[in-house]
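Peer 1: Below is the file my_file04.pdb, with PDB, C-alpha atoms and all ligand atoms.
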ATOM      1  CA  MET L   1     -11.598-150.512 -43.301
ATOM      2  CA  ASN L   2     -10.908-149.645 -39.702
ATOM      3  CA  SER L   3      -7.264-150.572 -39.171
ATOM      4  CA  THR L   4      -7.011-149.691 -35.505
ATOM      5  CA  LEU L   5      -7.493-151.942 -32.503
ATOM      6  CA  LYS L   6      -9.138-151.233 -29.172
ATOM      7  CA  ILE L   7      -6.620-150.375 -26.435
ATOM      8  CA  ILE L   8      -7.646-152.094 -23.208
ATOM      9  CA  GLN L   9      -7.564-150.171 -19.931
ATOM     10  CA  VAL L  10      -6.104-150.844 -16.478
ATOM     11  CA  GLY L  11      -8.120-153.493 -14.636
ATOM     12  CA  HIS L  12      -8.315-155.776 -17.685
ATOM     13  CA  PRO L  13      -6.700-159.090 -16.626
ATOM     14  CA  THR L  14      -4.670-159.378 -19.865
ATOM     15  CA  LEU L  15      -2.606-156.354 -18.771
ATOM     16  CA  ARG L  16      -1.500-158.342 -15.705
ATOM     17  CA  ARG L  17      -0.469-161.551 -17.448
ATOM     18  CA  VAL L  18       3.072-162.511 -18.428
ATOM     19  CA  ALA L  19       2.892-162.600 -22.233
ATOM     20  CA  ARG L  20       4.202-165.654 -24.093
ATOM     21  CA  PRO L  21       7.265-165.468 -26.352
ATOM     22  CA  LEU L  22       6.667-165.814 -30.081
ATOM     23  CA  ASP L  23       8.272-168.732 -31.863
ATOM     24  CA  PRO L  24      10.522-167.105 -34.517
ATOM     25  CA  ALA L  25       8.702-169.267 -37.092
ATOM     26  CA  GLU L  26       5.473-167.423 -36.210
ATOM     27  CA  ILE L  27       6.859-163.998 -37.130
ATOM     28  CA  ALA L  28       6.245-164.346 -40.886
ATOM     29  CA  THR L  29       2.677-165.625 -40.478
ATOM     30  CA  PRO L  30      -0.187-163.431 -41.735
ATOM     31  CA  LYS L  31      -1.605-163.351 -38.207
ATOM     32  CA  ILE L  32       1.517-161.731 -36.709
ATOM     33  CA  GLN L  33       2.252-159.505 -39.717
ATOM     34  CA  THR L  34      -1.324-158.193 -39.594
ATOM     35  CA  LEU L  35      -1.057-157.652 -35.837
ATOM     36  CA  ILE L  36       2.141-155.599 -36.384
ATOM     37  CA  ASP L  37       0.466-153.454 -39.078
ATOM     38  CA  MET L  38      -2.574-152.851 -36.917
ATOM     39  CA  MET L  39      -0.497-152.063 -33.821
ATOM     40  CA  ARG L  40       1.472-149.476 -35.839
ATOM     41  CA  GLU L  41      -1.758-147.787 -36.961
ATOM     42  CA  THR L  42      -3.265-148.019 -33.473
ATOM     43  CA  MET L  43      -0.167-146.410 -31.903
ATOM     44  CA  ARG L  44      -0.170-143.576 -34.461
ATOM     45  CA  ASP L  45      -3.898-143.016 -34.084
ATOM     46  CA  ALA L  46      -3.850-142.956 -30.256
ATOM     47  CA  PRO L  47      -1.369-141.165 -30.515
ATOM     48  CA  GLY L  48       1.474-142.769 -28.598
ATOM     49  CA  VAL L  49       5.196-143.495 -28.881
ATOM     50  CA  GLY L  50       4.997-147.184 -27.980
ATOM     51  CA  LEU L  51       2.480-150.008 -27.820
ATOM     52  CA  ALA L  52       2.754-153.548 -26.468
ATOM     53  CA  ALA L  53       0.629-156.411 -27.811
ATOM     54  CA  PRO L  54      -1.079-157.065 -24.434
ATOM     55  CA  GLN L  55      -2.526-153.531 -24.652
ATOM     56  CA  VAL L  56      -4.565-154.651 -27.660
ATOM     57  CA  GLY L  57      -5.520-157.905 -25.921
ATOM     58  CA  GLU L  58      -2.841-160.138 -27.517
ATOM     59  CA  SER L  59      -0.728-161.760 -24.801
ATOM     60  CA  VAL L  60       2.460-162.169 -26.866
ATOM     61  CA  ARG L  61       5.912-160.592 -26.478
ATOM     62  CA  LEU L  62       5.744-158.019 -29.260
ATOM     63  CA  ILE L  63       6.081-154.236 -29.072
ATOM     64  CA  VAL L  64       6.139-151.378 -31.563
ATOM     65  CA  ILE L  65       7.880-148.038 -30.972
ATOM     66  CA  GLU L  66       8.000-144.773 -32.906
ATOM     67  CA  ASP L  67       8.893-141.333 -31.571
ATOM     68  CA  SER L  68       8.498-139.119 -34.622
ATOM     69  CA  ALA L  69       9.247-135.409 -35.081
ATOM     70  CA  GLU L  70       5.487-134.939 -35.407
ATOM     71  CA  ARG L  71       4.923-136.419 -31.931
ATOM     72  CA  GLN L  72       7.573-134.077 -30.496
ATOM     73  CA  ALA L  73       6.189-130.944 -32.157
ATOM     74  CA  ASN L  74       4.514-129.635 -28.982
ATOM     75  CA  LEU L  75       7.821-129.620 -27.062
ATOM     76  CA  THR L  76      10.510-126.957 -27.221
ATOM     77  CA  ALA L  77      14.142-127.770 -28.010
ATOM     78  CA  THR L  78      14.943-127.172 -24.326
ATOM     79  CA  GLN L  79      12.239-129.619 -23.198
ATOM     80  CA  LEU L  80      13.409-132.217 -25.703
ATOM     81  CA  SER L  81      17.014-131.978 -24.579
ATOM     82  CA  ALA L  82      16.023-132.052 -20.880
ATOM     83  CA  ARG L  83      14.209-135.335 -21.585
ATOM     84  CA  GLU L  84      17.068-136.607 -23.758
ATOM     85  CA  ARG L  85      14.390-137.173 -26.372
ATOM     86  CA  GLU L  86      15.385-137.769 -29.982
ATOM     87  CA  VAL L  87      13.509-139.008 -33.026
ATOM     88  CA  VAL L  88      13.207-142.801 -33.039
ATOM     89  CA  PRO L  89      11.984-144.312 -36.334
ATOM     90  CA  PHE L  90       9.273-146.959 -36.304
ATOM     91  CA  HIS L  91      10.529-150.402 -35.305
ATOM     92  CA  VAL L  92       9.260-153.721 -34.025
ATOM     93  CA  LEU L  93      10.754-155.725 -31.155
ATOM     94  CA  ILE L  94       9.784-159.367 -30.643
ATOM     95  CA  ASN L  95      10.803-161.289 -27.503
ATOM     96  CA  PRO L  96      12.858-158.281 -26.350
ATOM     97  CA  GLU L  97      15.448-158.758 -23.623
ATOM     98  CA  LEU L  98      16.619-155.698 -21.726
ATOM     99  CA  GLU L  99      20.028-155.229 -20.203
ATOM    100  CA  PHE L 100      20.371-152.305 -17.795
ATOM    101  CA  ALA L 101      23.503-150.563 -19.000
ATOM    102  CA  SER L 102      23.823-147.991 -16.232
ATOM    103  CA  SER L 103      23.000-147.635 -12.557
ATOM    104  CA  GLU L 104      21.866-144.072 -13.197
ATOM    105  CA  SER L 105      18.143-143.500 -12.702
ATOM    106  CA  VAL L 106      16.116-140.621 -14.137
ATOM    107  CA  ALA L 107      12.691-139.609 -12.794
ATOM    108  CA  ALA L 108      10.233-138.044 -15.249
ATOM    109  CA  TYR L 109       6.515-137.799 -15.948
ATOM    110  CA  GLU L 110       5.142-140.463 -18.263
ATOM    111  CA  GLY L 111       1.736-141.711 -19.291
ATOM    112  CA  CYS L 112       0.237-144.945 -20.615
ATOM    113  CA  LEU L 113      -2.394-145.541 -23.294
ATOM    114  CA  SER L 114      -3.877-148.207 -20.966
ATOM    115  CA  PHE L 115      -4.141-145.724 -18.072
ATOM    116  CA  ALA L 116      -5.665-142.955 -20.100
ATOM    117  CA  SER L 117      -5.797-139.312 -18.997
ATOM    118  CA  PHE L 118      -3.226-139.616 -16.203
ATOM    119  CA  MET L 119       0.473-138.832 -15.836
ATOM    120  CA  MET L 120       2.925-139.852 -13.112
ATOM    121  CA  VAL L 121       6.612-139.621 -12.244
ATOM    122  CA  VAL L 122       8.413-142.924 -12.856
ATOM    123  CA  PRO L 123      12.113-143.498 -12.216
ATOM    124  CA  ARG L 124      13.784-145.360 -15.093
ATOM    125  CA  THR L 125      17.298-146.507 -15.873
ATOM    126  CA  ARG L 126      19.030-143.987 -18.168
ATOM    127  CA  ARG L 127      20.764-146.468 -20.466
ATOM    128  CA  VAL L 128      19.642-149.897 -21.627
ATOM    129  CA  ARG L 129      20.558-152.361 -24.337
ATOM    130  CA  VAL L 130      17.832-154.388 -26.014
ATOM    131  CA  ARG L 131      18.156-157.625 -27.965
ATOM    132  CA  ALA L 132      15.180-158.893 -29.939
ATOM    133  CA  TRP L 133      13.843-160.204 -33.242
ATOM    134  CA  ASN L 134      12.458-157.733 -35.769
ATOM    135  CA  GLU L 135       9.396-158.151 -38.024
ATOM    136  CA  HIS L 136      11.550-159.835 -40.694
ATOM    137  CA  GLY L 137      12.698-162.533 -38.270
ATOM    138  CA  GLU L 138      16.200-161.065 -37.914
ATOM    139  CA  ARG L 139      18.137-160.695 -34.659
ATOM    140  CA  ILE L 140      18.701-157.062 -33.702
ATOM    141  CA  GLU L 141      20.468-155.247 -30.894
ATOM    142  CA  ARG L 142      20.113-151.576 -29.983
ATOM    143  CA  ASP L 143      21.577-149.263 -27.372
ATOM    144  CA  ALA L 144      19.196-146.703 -25.935
ATOM    145  CA  PHE L 145      19.445-143.790 -23.568
ATOM    146  CA  GLY L 146      17.154-141.107 -22.213
ATOM    147  CA  TRP L 147      13.576-141.046 -23.474
ATOM    148  CA  TYR L 148      13.985-144.005 -25.809
ATOM    149  CA  ALA L 149      15.351-146.072 -22.916
ATOM    150  CA  ARG L 150      12.266-144.989 -20.920
ATOM    151  CA  ILE L 151       9.885-146.083 -23.688
ATOM    152  CA  LEU L 152      11.640-149.445 -23.956
ATOM    153  CA  GLN L 153      11.401-150.108 -20.216
ATOM    154  CA  HIS L 154       7.736-149.066 -20.158
ATOM    155  CA  GLU L 155       6.791-151.337 -23.081
ATOM    156  CA  VAL L 156       8.827-154.359 -21.938
ATOM    157  CA  ASP L 157       7.151-153.992 -18.517
ATOM    158  CA  HIS L 158       3.799-154.505 -20.287
ATOM    159  CA  LEU L 159       5.012-157.933 -21.479
ATOM    160  CA  ASP L 160       5.562-158.930 -17.858
ATOM    161  CA  GLY L 161       2.199-157.658 -16.612
ATOM    162  CA  THR L 162       3.767-154.601 -14.981
ATOM    163  CA  LEU L 163       2.269-151.125 -15.356
ATOM    164  CA  CYS L 164       3.856-147.728 -14.782
ATOM    165  CA  VAL L 165       1.581-147.230 -11.770
ATOM    166  CA  ASP L 166       3.490-150.099 -10.096
ATOM    167  CA  ARG L 167       6.715-148.108 -10.372
ATOM    168  CA  MET L 168       5.488-144.529  -9.966
ATOM    169  CA  GLU L 169       6.212-142.091  -7.184
ATOM    170  CA  ALA L 170       2.638-142.390  -5.943
ATOM    171  CA  ARG L 171       2.070-138.808  -4.808
ATOM    172  CA  THR L 172       2.943-137.471  -8.284
ATOM    173  CA  LEU L 173      -0.135-139.019  -9.972
ATOM    174  CA  THR L 174      -1.992-136.294 -11.857
ATOM    175  CA  SER L 175      -4.689-135.956 -14.465
ATOM    176  CA  THR L 176      -3.292-134.999 -17.867
ATOM    177  CA  ASP L 177      -5.180-131.683 -17.613
ATOM    178  CA  ASN L 178      -3.512-130.836 -14.316
ATOM    179  CA  TYR L 179      -0.158-132.031 -15.635
ATOM    180  CA  GLY L 180      -0.464-129.373 -18.355
ATOM    181  CA  ARG L 181      -1.658-126.786 -15.822
ATOM    182  CA  TYR L 182       0.817-127.308 -12.986
ATOM    183  CA  HIS L 183       3.654-129.697 -13.825
ATOM    184  CA  ARG L 184       4.807-129.160 -17.381
TER     185      ARG L 184
HETATM  186 ZN    ZN X 201       1.751-148.337 -21.284
END
Can you give me the file's structure in the form of structure tokens?
Ligand code: ZN
Peer 2:
Amino acid sequence: MNSTLKIIQVGHPTLRRVARPLDPAEIATPKIQTLIDMMRETMRDAPGVGLAAPQVGESVRLIVIEDSAERQANLTATQLSAREREVVPFHVLINPELEFASSESVAAYEGCLSFASFMMVVPRTRRVRVRAWNEHGERIERDAFGWYARILQHEVDHLDGTLCVDRMEARTLTSTDNYGRYHR
């Protein structure tokens, strides 16, 4: 059975819609539990470190995140520490609300599975706090800084129809090939 979903690309209207919140009573339904499982597999297969439901054509406020050691294997310890990037275990955030916990902004290259084969510099707030429901219908709260804070802001933006290209420093846009060649 193919357990991955198609990731829609920039220009698809669903990526520009404000996604609807899930009713907490919906979380336990087979439809949502299956969507979570398939989003996890789709993110790992892509591969990516975050995926928002609108990227697989479902306009609901649900994201999955995982930044595993395996995903970080192509970066040196120096690169990881420069990005403030640490392992983040798989987790699900439903109806996430972000609080910007610092006025400090960090600019770094990021990419998007819905804007494939490009990278761009995007300024993001260094520290955020997120409140959400998890896949078990429990309230959770997490503090995030550095790369994890960046992932959170990127994915929550997707729920509001905002893409990283809306926030990028426009002249930094580069193909992934040229990112590897000139900007890494
Ligand atoms: Zn994205």
Peer 1: Evaluated on this file, the PyMOL selection byres (((not hetatm)) within 9 of (chain X and resi 201)) picks out some residues - which ones are they, written as a list in words?
Peer 2: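 Selection result, ordered by chain and number: Gly50, Leu51, Ala52, Gln55, Gly111, Cys112, Leu113, Ser114, Phe115, Ile151, His154, Glu155, Asp157, His158, Leu163 and Cys164 of chain L.
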Peer 1: Identify which of the residues L:Thr172, L:Ser59, L:Thr78, L:Gln33 lies closest to Val92 of chain L, counting only C-alpha atoms when measuring atom-to-atom distances.
Peer 2: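 Answer, going by the shortest atom-to-atom distance: L:Gln33.
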Peer 1: Which polymer residues have any atom within 7 Å of an atom of Gly161 of chain L, counting only C-alpha atoms, with same-chain residues fewer than 4 positions away left out, as a list in words?
Peer 2: Leu15, Arg16, Arg17, Val18 and Asp157 of chain L
Peer 1: Produce a file of the selected residues containing C-alpha atoms, as a PDB file, in the coordinates of the input.
Peer 2:
ATOM      1  CA  LEU L  15      -2.606-156.354 -18.771  1.00  0.00           C
ATOM      2  CA  ARG L  16      -1.500-158.342 -15.705  1.00  0.00           C
ATOM      3  CA  ARG L  17      -0.469-161.551 -17.448  1.00  0.00           C
ATOM      4  CA  VAL L  18       3.072-162.511 -18.428  1.00  0.00           C
ATOM      5  CA  ASP L 157       7.151-153.992 -18.517  1.00  0.00           C
TER       6      ASP L 157
END
Peer 1: When the PyMOL selection byres (((chain L and resi 103) around 12) and not hetatm) is applied to the structure above, which residues does it catch, written out as a list of chain:residue names?
Peer 2: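 For this structure, the PyMOL selection byres (((chain L and resi 103) around 12) and not hetatm) resolves to L:Glu99, L:Phe100, L:Ala101, L:Ser102, L:Glu104, L:Ser105, L:Val106, L:Pro123, L:Arg124, L:Thr125, L:Arg126, L:Arg127, L:Val128.
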Peer 1: Nearest to Ser175 of chain L: which of L:Ala107, L:Ile8, L:Ala132, L:Ala116 is it, counting all atoms listed in the file?
Peer 2: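 So, comparing all the options, the nearest one is L:Ala116.
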Peer 1: Using all atoms listed in the file, which residue out of L:Ala108, L:Val165, L:Leu93, L:Ile63 lies closest to Glu141 of chain L?
Peer 2: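 Comparing L:Ala108, L:Val165, L:Leu93, L:Ile63 against Glu141 of chain L, the winner is L:Leu93.
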Peer 1: So what do you get for atom CA of Arg40 of chain L versus atom CA of Thr174 of chain L, distance-wise?
Peer 2: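 Pair atom CA of Arg40 of chain L / atom CA of Thr174 of chain L returns 27.6 Å.
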